[in-house]
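File shown: model_0.txt. Contents: compact mmCIF, N, CA and C atoms.
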# COMPACT_ATOMS: atom_id res chain seq x y z
N MET K 1 -6.73 19.10 0.50
CA MET K 1 -6.36 17.90 -0.22
C MET K 1 -7.63 17.18 -0.66
N ASP K 2 -7.68 16.78 -1.89
CA ASP K 2 -8.86 16.16 -2.46
C ASP K 2 -8.81 14.64 -2.49
N HIS K 3 -7.85 14.04 -1.82
CA HIS K 3 -7.74 12.59 -1.84
C HIS K 3 -8.85 11.95 -1.00
N THR K 4 -9.37 10.83 -1.48
CA THR K 4 -10.33 10.06 -0.71
C THR K 4 -9.67 8.78 -0.18
N PHE K 5 -8.71 8.20 -0.95
CA PHE K 5 -8.01 7.02 -0.46
C PHE K 5 -7.10 7.42 0.68
N LEU K 6 -7.05 6.65 1.70
CA LEU K 6 -6.26 6.85 2.91
C LEU K 6 -6.76 7.99 3.77
N LEU K 7 -7.08 9.15 3.19
CA LEU K 7 -7.46 10.31 3.99
C LEU K 7 -8.89 10.26 4.49
N GLU K 8 -9.69 9.35 3.96
CA GLU K 8 -11.06 9.17 4.43
C GLU K 8 -11.26 7.69 4.76
N PRO K 9 -12.08 7.40 5.77
CA PRO K 9 -12.39 5.99 6.04
C PRO K 9 -13.10 5.40 4.83
N GLY K 10 -12.88 4.13 4.59
CA GLY K 10 -13.58 3.51 3.48
C GLY K 10 -13.11 2.10 3.19
N ARG K 11 -13.78 1.49 2.24
CA ARG K 11 -13.48 0.13 1.80
C ARG K 11 -13.17 0.19 0.31
N TRP K 12 -12.05 -0.39 -0.08
CA TRP K 12 -11.57 -0.32 -1.46
C TRP K 12 -11.30 -1.72 -1.99
N SER K 13 -11.79 -2.01 -3.20
CA SER K 13 -11.45 -3.27 -3.86
C SER K 13 -10.17 -3.08 -4.66
N ILE K 14 -9.43 -4.16 -4.82
CA ILE K 14 -8.15 -4.14 -5.53
C ILE K 14 -8.22 -5.20 -6.62
N GLU K 15 -7.84 -4.83 -7.84
CA GLU K 15 -7.78 -5.81 -8.92
C GLU K 15 -6.68 -5.42 -9.88
N GLY K 16 -5.78 -6.38 -10.15
CA GLY K 16 -4.67 -6.07 -11.04
C GLY K 16 -3.79 -7.27 -11.30
N HIS K 17 -2.48 -6.98 -11.41
CA HIS K 17 -1.51 -8.02 -11.75
C HIS K 17 -0.26 -7.91 -10.88
N TRP K 18 0.28 -9.06 -10.55
CA TRP K 18 1.49 -9.21 -9.74
C TRP K 18 2.54 -9.86 -10.64
N LEU K 19 3.74 -9.36 -10.59
CA LEU K 19 4.82 -9.93 -11.40
C LEU K 19 6.05 -10.12 -10.52
N GLU K 20 6.54 -11.35 -10.46
CA GLU K 20 7.76 -11.65 -9.72
C GLU K 20 8.91 -11.84 -10.71
N ARG K 21 10.12 -11.56 -10.22
CA ARG K 21 11.31 -11.71 -11.05
C ARG K 21 11.33 -13.12 -11.66
N TYR K 22 11.54 -13.20 -12.95
CA TYR K 22 11.59 -14.45 -13.71
C TYR K 22 10.24 -15.18 -13.76
N GLY K 23 9.17 -14.52 -13.37
CA GLY K 23 7.85 -15.15 -13.39
C GLY K 23 6.96 -14.56 -14.47
N VAL K 24 5.77 -15.08 -14.54
CA VAL K 24 4.77 -14.54 -15.46
C VAL K 24 3.76 -13.74 -14.64
N PRO K 25 3.18 -12.71 -15.24
CA PRO K 25 2.18 -11.93 -14.49
C PRO K 25 1.03 -12.83 -14.03
N MET K 26 0.57 -12.61 -12.81
CA MET K 26 -0.58 -13.35 -12.30
C MET K 26 -1.62 -12.37 -11.77
N SER K 27 -2.87 -12.76 -11.86
CA SER K 27 -3.96 -11.92 -11.37
C SER K 27 -3.89 -11.80 -9.86
N VAL K 28 -4.27 -10.64 -9.38
CA VAL K 28 -4.36 -10.40 -7.94
C VAL K 28 -5.66 -9.65 -7.68
N LYS K 29 -6.31 -10.03 -6.59
CA LYS K 29 -7.53 -9.35 -6.15
C LYS K 29 -7.42 -9.16 -4.65
N GLY K 30 -8.15 -8.18 -4.16
CA GLY K 30 -8.12 -7.97 -2.72
C GLY K 30 -9.04 -6.87 -2.26
N MET K 31 -8.84 -6.51 -1.01
CA MET K 31 -9.66 -5.49 -0.37
C MET K 31 -8.80 -4.73 0.63
N THR K 32 -9.04 -3.43 0.73
CA THR K 32 -8.39 -2.59 1.74
C THR K 32 -9.46 -1.87 2.53
N LEU K 33 -9.33 -1.90 3.85
CA LEU K 33 -10.21 -1.15 4.74
C LEU K 33 -9.38 -0.06 5.42
N VAL K 34 -9.88 1.18 5.39
CA VAL K 34 -9.20 2.32 6.01
C VAL K 34 -10.09 2.86 7.11
N ALA K 35 -9.52 3.08 8.29
CA ALA K 35 -10.26 3.65 9.42
C ALA K 35 -9.40 4.72 10.09
N TRP K 36 -10.07 5.69 10.69
CA TRP K 36 -9.38 6.80 11.38
C TRP K 36 -9.90 6.93 12.81
N SER K 37 -8.98 7.28 13.73
CA SER K 37 -9.38 7.59 15.09
C SER K 37 -9.44 9.11 15.25
N ARG K 38 -9.97 9.55 16.33
CA ARG K 38 -10.12 11.00 16.56
C ARG K 38 -8.81 11.73 16.76
N ASP K 39 -7.75 11.01 17.10
CA ASP K 39 -6.46 11.66 17.38
C ASP K 39 -5.48 11.54 16.21
N ASN K 40 -6.02 11.50 14.97
CA ASN K 40 -5.23 11.53 13.73
C ASN K 40 -4.42 10.27 13.46
N TRP K 41 -4.80 9.14 14.05
CA TRP K 41 -4.18 7.87 13.74
C TRP K 41 -5.06 7.13 12.74
N PHE K 42 -4.43 6.51 11.75
CA PHE K 42 -5.20 5.70 10.81
C PHE K 42 -4.75 4.25 10.90
N THR K 43 -5.66 3.36 10.55
CA THR K 43 -5.33 1.95 10.39
C THR K 43 -5.80 1.55 9.00
N MET K 44 -5.06 0.64 8.42
CA MET K 44 -5.41 0.15 7.10
C MET K 44 -5.12 -1.34 7.09
N ALA K 45 -6.10 -2.13 6.69
CA ALA K 45 -5.94 -3.58 6.59
C ALA K 45 -6.15 -3.98 5.14
N THR K 46 -5.19 -4.73 4.59
CA THR K 46 -5.27 -5.16 3.20
C THR K 46 -5.06 -6.66 3.11
N LYS K 47 -5.84 -7.30 2.26
CA LYS K 47 -5.67 -8.72 1.99
C LYS K 47 -5.63 -8.88 0.47
N LEU K 48 -4.61 -9.59 -0.01
CA LEU K 48 -4.45 -9.88 -1.44
C LEU K 48 -4.50 -11.38 -1.66
N ILE K 49 -5.25 -11.81 -2.67
CA ILE K 49 -5.28 -13.21 -3.06
C ILE K 49 -4.91 -13.32 -4.54
N PHE K 50 -4.50 -14.51 -4.94
CA PHE K 50 -4.02 -14.76 -6.30
C PHE K 50 -4.85 -15.88 -6.92
N PRO K 51 -6.00 -15.52 -7.52
CA PRO K 51 -6.88 -16.54 -8.09
C PRO K 51 -6.17 -17.38 -9.14
N GLY K 52 -6.40 -18.70 -9.11
CA GLY K 52 -5.81 -19.60 -10.09
C GLY K 52 -4.33 -19.86 -9.89
N SER K 53 -3.80 -19.48 -8.72
CA SER K 53 -2.38 -19.64 -8.44
C SER K 53 -2.22 -20.32 -7.09
N ASP K 54 -1.07 -20.96 -6.88
CA ASP K 54 -0.80 -21.56 -5.57
C ASP K 54 -0.01 -20.60 -4.67
N ARG K 55 0.14 -19.35 -5.11
CA ARG K 55 0.85 -18.36 -4.30
C ARG K 55 0.05 -18.05 -3.05
N SER K 56 0.73 -17.94 -1.92
CA SER K 56 0.06 -17.65 -0.65
C SER K 56 -0.53 -16.24 -0.66
N GLU K 57 -1.63 -16.09 0.04
CA GLU K 57 -2.23 -14.76 0.16
C GLU K 57 -1.32 -13.85 0.99
N ILE K 58 -1.52 -12.57 0.82
CA ILE K 58 -0.75 -11.57 1.55
C ILE K 58 -1.72 -10.74 2.38
N SER K 59 -1.40 -10.56 3.65
CA SER K 59 -2.20 -9.67 4.49
C SER K 59 -1.28 -8.65 5.15
N LEU K 60 -1.78 -7.42 5.20
CA LEU K 60 -1.01 -6.29 5.71
C LEU K 60 -1.86 -5.50 6.71
N GLN K 61 -1.26 -5.13 7.83
CA GLN K 61 -1.93 -4.33 8.85
C GLN K 61 -1.10 -3.07 9.10
N TYR K 62 -1.61 -1.92 8.68
CA TYR K 62 -0.91 -0.64 8.82
C TYR K 62 -1.44 0.12 10.03
N LYS K 63 -0.55 0.91 10.63
CA LYS K 63 -0.95 1.89 11.62
C LYS K 63 -0.04 3.11 11.41
N GLY K 64 -0.64 4.27 11.26
CA GLY K 64 0.14 5.48 11.02
C GLY K 64 -0.53 6.71 11.57
N ARG K 65 0.19 7.80 11.48
CA ARG K 65 -0.32 9.07 12.01
C ARG K 65 -0.10 10.16 10.97
N LEU K 66 -1.15 10.95 10.74
CA LEU K 66 -1.09 12.08 9.84
C LEU K 66 -1.85 13.22 10.48
N ASP K 67 -1.13 14.25 10.89
CA ASP K 67 -1.77 15.41 11.50
C ASP K 67 -2.53 16.22 10.46
N ASN K 68 -3.60 16.87 10.89
CA ASN K 68 -4.40 17.70 10.00
C ASN K 68 -3.53 18.73 9.28
N GLY K 69 -3.71 18.84 7.97
CA GLY K 69 -2.98 19.82 7.19
C GLY K 69 -1.57 19.41 6.79
N GLU K 70 -1.08 18.30 7.31
CA GLU K 70 0.27 17.83 6.97
C GLU K 70 0.24 17.02 5.68
N ARG K 71 1.38 16.92 5.03
CA ARG K 71 1.49 16.14 3.80
C ARG K 71 2.42 14.94 3.95
N GLN K 72 3.06 14.79 5.11
CA GLN K 72 3.96 13.67 5.34
C GLN K 72 3.49 12.88 6.55
N TYR K 73 3.68 11.57 6.49
CA TYR K 73 3.28 10.71 7.60
C TYR K 73 4.23 9.53 7.69
N SER K 74 4.20 8.89 8.83
CA SER K 74 4.98 7.67 9.01
C SER K 74 4.01 6.55 9.39
N PHE K 75 4.44 5.31 9.18
CA PHE K 75 3.57 4.19 9.51
C PHE K 75 4.40 2.96 9.88
N LEU K 76 3.75 2.07 10.60
CA LEU K 76 4.28 0.74 10.89
C LEU K 76 3.35 -0.24 10.21
N LEU K 77 3.90 -1.34 9.76
CA LEU K 77 3.14 -2.31 9.00
C LEU K 77 3.54 -3.70 9.45
N GLN K 78 2.55 -4.53 9.68
CA GLN K 78 2.79 -5.95 9.95
C GLN K 78 2.39 -6.72 8.70
N HIS K 79 3.37 -7.40 8.10
CA HIS K 79 3.19 -8.15 6.85
C HIS K 79 3.24 -9.63 7.19
N ASN K 80 2.27 -10.41 6.75
CA ASN K 80 2.24 -11.82 7.15
C ASN K 80 3.42 -12.63 6.64
N LEU K 81 4.09 -12.20 5.57
CA LEU K 81 5.24 -12.94 5.05
C LEU K 81 6.59 -12.31 5.41
N LEU K 82 6.62 -10.99 5.53
CA LEU K 82 7.89 -10.28 5.77
C LEU K 82 8.10 -9.82 7.20
N GLY K 83 7.05 -9.79 8.00
CA GLY K 83 7.18 -9.34 9.38
C GLY K 83 6.97 -7.85 9.54
N LYS K 84 7.77 -7.25 10.41
CA LYS K 84 7.61 -5.83 10.74
C LYS K 84 8.25 -4.94 9.68
N ILE K 85 7.49 -3.94 9.27
CA ILE K 85 7.94 -2.99 8.25
C ILE K 85 7.68 -1.58 8.77
N GLU K 86 8.59 -0.68 8.44
CA GLU K 86 8.44 0.73 8.79
C GLU K 86 8.44 1.52 7.50
N GLY K 87 7.70 2.63 7.48
CA GLY K 87 7.67 3.41 6.25
C GLY K 87 7.25 4.85 6.46
N GLU K 88 7.29 5.58 5.35
CA GLU K 88 6.86 6.96 5.34
C GLU K 88 6.05 7.20 4.09
N GLY K 89 5.19 8.19 4.15
CA GLY K 89 4.37 8.53 3.00
C GLY K 89 4.30 10.03 2.81
N TRP K 90 4.05 10.42 1.58
CA TRP K 90 3.86 11.83 1.22
C TRP K 90 2.55 11.94 0.46
N ILE K 91 1.80 12.96 0.77
CA ILE K 91 0.54 13.24 0.08
C ILE K 91 0.82 14.31 -0.96
N GLY K 92 0.79 13.94 -2.24
CA GLY K 92 0.99 14.88 -3.32
C GLY K 92 -0.34 15.43 -3.81
N ILE K 93 -0.30 16.22 -4.84
CA ILE K 93 -1.52 16.79 -5.40
C ILE K 93 -2.43 15.69 -5.94
N ASP K 94 -1.89 14.80 -6.77
CA ASP K 94 -2.68 13.72 -7.37
C ASP K 94 -2.21 12.33 -6.96
N THR K 95 -1.13 12.24 -6.21
CA THR K 95 -0.54 10.94 -5.89
C THR K 95 -0.14 10.86 -4.42
N ILE K 96 -0.35 9.70 -3.85
CA ILE K 96 0.15 9.37 -2.52
C ILE K 96 1.34 8.44 -2.75
N MET K 97 2.51 8.80 -2.21
CA MET K 97 3.72 8.00 -2.39
C MET K 97 4.14 7.43 -1.05
N GLN K 98 4.54 6.16 -1.05
CA GLN K 98 5.01 5.51 0.17
C GLN K 98 6.32 4.78 -0.11
N HIS K 99 7.21 4.86 0.86
CA HIS K 99 8.47 4.12 0.83
C HIS K 99 8.53 3.33 2.13
N TYR K 100 8.97 2.08 2.07
CA TYR K 100 9.02 1.26 3.28
C TYR K 100 10.21 0.33 3.24
N TRP K 101 10.57 -0.19 4.40
CA TRP K 101 11.71 -1.09 4.53
C TRP K 101 11.40 -2.12 5.60
N VAL K 102 11.87 -3.36 5.39
CA VAL K 102 11.64 -4.45 6.33
C VAL K 102 12.64 -4.31 7.47
N MET K 103 12.14 -4.30 8.69
CA MET K 103 12.96 -4.10 9.88
C MET K 103 13.83 -5.34 10.15
N GLY K 104 15.12 -5.10 10.43
CA GLY K 104 16.04 -6.17 10.80
C GLY K 104 16.22 -7.23 9.73
N ASP K 105 16.11 -6.85 8.49
CA ASP K 105 16.15 -7.80 7.38
C ASP K 105 17.55 -7.88 6.79
N ARG K 106 18.17 -9.03 6.82
CA ARG K 106 19.51 -9.20 6.26
C ARG K 106 19.54 -9.06 4.75
N GLN K 107 18.38 -9.27 4.10
CA GLN K 107 18.32 -9.14 2.65
C GLN K 107 18.10 -7.68 2.21
N ARG K 108 17.93 -6.79 3.15
CA ARG K 108 17.72 -5.35 2.89
C ARG K 108 16.55 -5.11 1.94
N ARG K 109 15.41 -5.74 2.22
CA ARG K 109 14.24 -5.56 1.37
C ARG K 109 13.56 -4.24 1.68
N SER K 110 13.15 -3.58 0.61
CA SER K 110 12.44 -2.31 0.72
C SER K 110 11.49 -2.19 -0.46
N GLY K 111 10.63 -1.20 -0.41
CA GLY K 111 9.68 -1.04 -1.49
C GLY K 111 9.22 0.39 -1.63
N TYR K 112 8.51 0.63 -2.70
CA TYR K 112 8.00 1.95 -3.03
C TYR K 112 6.67 1.77 -3.74
N GLU K 113 5.71 2.63 -3.43
CA GLU K 113 4.46 2.58 -4.17
C GLU K 113 3.90 3.96 -4.42
N THR K 114 3.24 4.09 -5.54
CA THR K 114 2.51 5.30 -5.87
C THR K 114 1.05 4.93 -6.02
N ILE K 115 0.20 5.76 -5.46
CA ILE K 115 -1.23 5.55 -5.51
C ILE K 115 -1.78 6.82 -6.16
N HIS K 116 -2.07 6.73 -7.46
CA HIS K 116 -2.44 7.90 -8.26
C HIS K 116 -3.96 8.02 -8.37
N ARG K 117 -4.46 9.22 -8.08
CA ARG K 117 -5.90 9.47 -8.12
C ARG K 117 -6.37 9.62 -9.57
N ILE K 118 -7.34 8.80 -9.96
CA ILE K 118 -7.99 8.92 -11.25
C ILE K 118 -9.28 9.72 -11.08
N SER K 119 -10.03 9.40 -10.03
CA SER K 119 -11.24 10.12 -9.65
C SER K 119 -11.41 9.93 -8.14
N LYS K 120 -12.45 10.51 -7.57
CA LYS K 120 -12.62 10.37 -6.11
C LYS K 120 -12.87 8.93 -5.69
N ASP K 121 -13.34 8.08 -6.63
CA ASP K 121 -13.63 6.69 -6.30
C ASP K 121 -12.67 5.70 -6.95
N THR K 122 -11.67 6.17 -7.68
CA THR K 122 -10.76 5.29 -8.40
C THR K 122 -9.32 5.79 -8.27
N TYR K 123 -8.43 4.87 -7.93
CA TYR K 123 -6.99 5.15 -7.88
C TYR K 123 -6.27 4.05 -8.64
N TYR K 124 -5.04 4.34 -9.06
CA TYR K 124 -4.20 3.35 -9.72
C TYR K 124 -2.96 3.15 -8.86
N LEU K 125 -2.70 1.91 -8.46
CA LEU K 125 -1.58 1.57 -7.59
C LEU K 125 -0.47 0.94 -8.42
N SER K 126 0.73 1.44 -8.24
CA SER K 126 1.92 0.84 -8.83
C SER K 126 2.92 0.67 -7.70
N SER K 127 3.39 -0.57 -7.51
CA SER K 127 4.22 -0.89 -6.35
C SER K 127 5.38 -1.77 -6.77
N ALA K 128 6.51 -1.62 -6.11
CA ALA K 128 7.68 -2.46 -6.39
C ALA K 128 8.41 -2.79 -5.10
N MET K 129 8.92 -4.01 -5.03
CA MET K 129 9.73 -4.47 -3.89
C MET K 129 11.13 -4.76 -4.41
N MET K 130 12.11 -4.40 -3.59
CA MET K 130 13.52 -4.65 -3.96
C MET K 130 14.20 -5.43 -2.86
N THR K 131 15.17 -6.24 -3.26
CA THR K 131 16.09 -6.89 -2.33
C THR K 131 17.45 -6.30 -2.65
N GLY K 132 17.97 -5.50 -1.72
CA GLY K 132 19.17 -4.73 -2.01
C GLY K 132 18.88 -3.76 -3.13
N HIS K 133 19.58 -3.90 -4.24
CA HIS K 133 19.35 -3.02 -5.40
C HIS K 133 18.64 -3.73 -6.54
N VAL K 134 18.08 -4.92 -6.28
CA VAL K 134 17.47 -5.73 -7.33
C VAL K 134 15.95 -5.71 -7.18
N LEU K 135 15.26 -5.40 -8.25
CA LEU K 135 13.82 -5.43 -8.29
C LEU K 135 13.35 -6.88 -8.23
N THR K 136 12.46 -7.21 -7.27
CA THR K 136 12.04 -8.60 -7.11
C THR K 136 10.59 -8.84 -7.47
N ASP K 137 9.71 -7.89 -7.25
CA ASP K 137 8.32 -8.06 -7.67
C ASP K 137 7.63 -6.71 -7.79
N THR K 138 6.56 -6.71 -8.58
CA THR K 138 5.78 -5.49 -8.79
C THR K 138 4.30 -5.82 -8.70
N LEU K 139 3.52 -4.79 -8.43
CA LEU K 139 2.07 -4.88 -8.38
C LEU K 139 1.52 -3.69 -9.13
N GLU K 140 0.60 -3.95 -10.05
CA GLU K 140 -0.15 -2.91 -10.74
C GLU K 140 -1.62 -3.22 -10.52
N ALA K 141 -2.38 -2.25 -10.00
CA ALA K 141 -3.78 -2.57 -9.68
C ALA K 141 -4.64 -1.32 -9.66
N ASN K 142 -5.91 -1.52 -9.94
CA ASN K 142 -6.91 -0.48 -9.78
C ASN K 142 -7.52 -0.60 -8.39
N LEU K 143 -7.74 0.53 -7.75
CA LEU K 143 -8.42 0.59 -6.46
C LEU K 143 -9.77 1.27 -6.71
N GLU K 144 -10.85 0.63 -6.33
CA GLU K 144 -12.19 1.19 -6.51
C GLU K 144 -12.86 1.29 -5.13
N ARG K 145 -13.34 2.50 -4.82
CA ARG K 145 -14.03 2.67 -3.54
C ARG K 145 -15.38 1.98 -3.60
N GLN K 146 -15.68 1.21 -2.55
CA GLN K 146 -16.94 0.48 -2.45
C GLN K 146 -17.94 1.31 -1.66
N SER K 147 -19.16 1.34 -2.10
CA SER K 147 -20.17 2.09 -1.36
C SER K 147 -20.49 1.35 -0.06
N THR K 148 -20.79 2.13 0.95
CA THR K 148 -21.05 1.53 2.26
C THR K 148 -22.51 1.37 2.54

Turn this file's structure into structure tokens for me.
Amino acid sequence: MDHTFLLEPGRWSIEGHWLERYGVPMSVKGMTLVAWSRDNWFTMATKLIFPGSDRSEISLQYKGRLDNGERQYSFLLQHNLLGKIEGEGWIGIDTIMQHYWVMGDRQRRSGYETIHRISKDTYYLSSAMMTGHVLTDTLEANLERQST
């Protein structure tokens, strides 16, 4: 697998746009840190901010496991606004796909994201959140690997 995002430790900047239902697109910026332990567990910490907006920042703490040579993984996520989230991911040839759902949520919120490789240092993220069967917000952003 030639992916560098998620499969290798690193620091990634995020820059793009967030769109909420009935809203106007707003700028979003952030950072993701990826780390791996020796026993095939990864952690990922992401923080998103919305410059020029009064929207609250979003912080996410992932923990997941991906065995060597496997293409599927599961993860747990702590979201500062939504709480506990569970999900699964698939490693494709050029894209990493993730599906997740908010645990114990009466609104049945879930989401899906694709992280498409442009180059070893650049990915394009497209993400959507749903409440039941209704699309509620989306994120489109470039991910750029930062040199260490």

Contact residues around range 120-123 of chain K with only C-alpha atoms at 9 Å, ignoring same-chain residues under 4 positions, as an mmCIF file with N, CA and C atoms, in the coordinates of the input:
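Output file result_9.cif is given in full below:
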data_model
loop_
_atom_site.group_PDB
_atom_site.id
_atom_site.type_symbol
_atom_site.label_atom_id
_atom_site.label_comp_id
_atom_site.auth_asym_id
_atom_site.auth_seq_id
_atom_site.Cartn_x
_atom_site.Cartn_y
_atom_site.Cartn_z
ATOM 1 N N ASP K 2 -7.680 16.780 -1.890
ATOM 2 C CA ASP K 2 -8.860 16.160 -2.460
ATOM 3 C C ASP K 2 -8.810 14.640 -2.490
ATOM 4 N N HIS K 3 -7.850 14.040 -1.820
ATOM 5 C CA HIS K 3 -7.740 12.590 -1.840
ATOM 6 C C HIS K 3 -8.850 11.950 -1.000
ATOM 7 N N THR K 4 -9.370 10.830 -1.480
ATOM 8 C CA THR K 4 -10.330 10.060 -0.710
ATOM 9 C C THR K 4 -9.670 8.780 -0.180
ATOM 10 N N PHE K 5 -8.710 8.200 -0.950
ATOM 11 C CA PHE K 5 -8.010 7.020 -0.460
ATOM 12 C C PHE K 5 -7.100 7.420 0.680
ATOM 13 N N TRP K 12 -12.050 -0.390 -0.080
ATOM 14 C CA TRP K 12 -11.570 -0.320 -1.460
ATOM 15 C C TRP K 12 -11.300 -1.720 -1.990
ATOM 16 N N THR K 95 -1.130 12.240 -6.210
ATOM 17 C CA THR K 95 -0.540 10.940 -5.890
ATOM 18 C C THR K 95 -0.140 10.860 -4.420
ATOM 19 N N ILE K 115 0.200 5.760 -5.460
ATOM 20 C CA ILE K 115 -1.230 5.550 -5.510
ATOM 21 C C ILE K 115 -1.780 6.820 -6.160
ATOM 22 N N HIS K 116 -2.070 6.730 -7.460
ATOM 23 C CA HIS K 116 -2.440 7.900 -8.260
ATOM 24 C C HIS K 116 -3.960 8.020 -8.370
ATOM 25 N N ALA K 141 -2.380 -2.250 -10.000
ATOM 26 C CA ALA K 141 -3.780 -2.570 -9.680
ATOM 27 C C ALA K 141 -4.640 -1.320 -9.660
ATOM 28 N N ASN K 142 -5.910 -1.520 -9.940
ATOM 29 C CA ASN K 142 -6.910 -0.480 -9.780
ATOM 30 C C ASN K 142 -7.520 -0.600 -8.390
ATOM 31 N N LEU K 143 -7.740 0.530 -7.750
ATOM 32 C CA LEU K 143 -8.420 0.590 -6.460
ATOM 33 C C LEU K 143 -9.770 1.270 -6.710
ATOM 34 N N GLU K 144 -10.850 0.630 -6.330
ATOM 35 C CA GLU K 144 -12.190 1.190 -6.510
ATOM 36 C C GLU K 144 -12.860 1.290 -5.130
ATOM 37 N N ARG K 145 -13.340 2.500 -4.820
ATOM 38 C CA ARG K 145 -14.030 2.670 -3.540
ATOM 39 C C ARG K 145 -15.380 1.980 -3.600
ATOM 40 N N GLN K 146 -15.680 1.210 -2.550
ATOM 41 C CA GLN K 146 -16.940 0.480 -2.450
ATOM 42 C C GLN K 146 -17.940 1.310 -1.660
#

Exercise. Just asking: which residues within range 31-128 of chain K are strand (DSSP E or B) according to DSSP, as a ChimeraX atom specification?
Worked result: /K:31-36,41-49,58-65,72-79,83-91,95-102,109-119,122-128

Exercise. Skipping near chain neighbours, those fewer than 6 positions away, what residues fall within 12 Å of range 40-49 of chain K using only C-alpha atoms, listed as a PyMOL selection string?
Worked result: chain K and resi 5-18+26-34+55-70+73-80+139+141+143

For this session: Quote the spacing between CA of Asp105 in chain K and CA of His133 in chain K in Å to one decimal place.
Result: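 According to the coordinates, CA of Asp105 in chain K and CA of His133 in chain K are separated by 14.0 Å.
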
Problem set entry | Shortest interatomic distance to Ile118 in chain K - which of K:Gly89, K:Arg21, K:Ala35, K:Asp94, counting all atoms listed in the file |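 Among the listed residues, K:Asp94 lies closest to Ile118 in chain K.
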
For this session: Pick out the closest residue to Ser127 in chain K from this set: K:Gln72, K:Asp39, K:Met97, K:Arg108. Count only C-alpha atoms.
Result: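 Among K:Gln72, K:Asp39, K:Met97, K:Arg108, it is K:Met97 that comes nearest to Ser127 in chain K.
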
For this session: Determine, counting all atoms listed in the file, which protein, DNA and RNA residues have an atom within 7 Å of an atom of Thr131 in chain K; residues of the same chain fewer than 5 positions away are not included. Present the result as a PyMOL selection string.
Result: chain K and resi 107-110+136-137

Problem set entry | Residue nearest Met103 in chain K - candidates K:Val134, K:Leu19, K:Leu125, K:Ile85, atoms counted: only N, CA and C atoms |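 Ranking K:Val134, K:Leu19, K:Leu125, K:Ile85 by distance to Met103 in chain K, first place goes to K:Ile85.
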
For this session: Select, from K:Tyr124, K:Thr138, K:Arg117, K:Met130, the residue with the minimum atom-to-atom distance to Trp101 in chain K, counting only C-alpha atoms.
Result: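 Among K:Tyr124, K:Thr138, K:Arg117, K:Met130, it is K:Met130 that comes nearest to Trp101 in chain K.
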
Exercise. Rounded to one decimal in Å, what is the spacing between atom N of Leu81 in chain K and atom N of Asp54 in chain K?
Worked result: 16.1 Å

Exercise. Which is closer to Ser126 in chain K than all the others in K:Arg71, K:Arg106, K:Glu140, K:Glu86, using only N, CA and C atoms?
Worked result: K:Glu140

Problem set entry | Separation of CA of Leu82 in chain K from atom C of Ala128 in chain K, in Å and rounded to one decimal |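 Spanning CA of Leu82 in chain K to atom C of Ala128 in chain K is a straight-line distance of 13.2 Å.
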
Problem set entry | Nearest to Ser53 in chain K by atom-to-atom distance, counting only C-alpha atoms, from K:Ser119, K:Val24, K:Val102, K:Gly92 |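 Closest candidate: K:Val24.
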
Coords for range 132-140 of chain K, N, CA, C and O atoms, as a CSV table (one decimal), in the first residue's frame:
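Once written, selection.csv looks like this:
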chain,number,residue,atom,x,y,z
K,132,GLY,N,-30.2,10.8,10.6
K,132,GLY,CA,-31.2,9.8,9.9
K,132,GLY,C,-30.8,9.7,8.5
K,132,GLY,O,-29.7,9.3,8.1
K,133,HIS,N,-31.7,10.1,7.6
K,133,HIS,CA,-31.4,10.1,6.1
K,133,HIS,C,-31.2,11.4,5.5
K,133,HIS,O,-31.2,11.6,4.3
K,134,VAL,N,-31.0,12.4,6.4
K,134,VAL,CA,-30.8,13.8,5.9
K,134,VAL,C,-29.4,14.3,6.0
K,134,VAL,O,-28.8,14.2,7.1
K,135,LEU,N,-28.8,14.8,4.9
K,135,LEU,CA,-27.5,15.3,4.9
K,135,LEU,C,-27.5,16.6,5.7
K,135,LEU,O,-28.3,17.5,5.5
K,136,THR,N,-26.6,16.8,6.7
K,136,THR,CA,-26.6,17.9,7.6
K,136,THR,C,-25.4,18.8,7.4
K,136,THR,O,-25.5,20.0,7.6
K,137,ASP,N,-24.2,18.3,7.1
K,137,ASP,CA,-23.1,19.1,6.8
K,137,ASP,C,-22.0,18.3,6.1
K,137,ASP,O,-22.1,17.1,6.0
K,138,THR,N,-21.2,19.1,5.4
K,138,THR,CA,-20.1,18.5,4.6
K,138,THR,C,-18.8,19.3,4.8
K,138,THR,O,-18.8,20.4,5.3
K,139,LEU,N,-17.7,18.6,4.6
K,139,LEU,CA,-16.4,19.1,4.7
K,139,LEU,C,-15.6,18.8,3.4
K,139,LEU,O,-15.6,17.6,3.0
K,140,GLU,N,-15.0,19.7,2.7
K,140,GLU,CA,-14.1,19.5,1.6
K,140,GLU,C,-12.8,20.2,2.0
K,140,GLU,O,-12.8,21.4,2.3
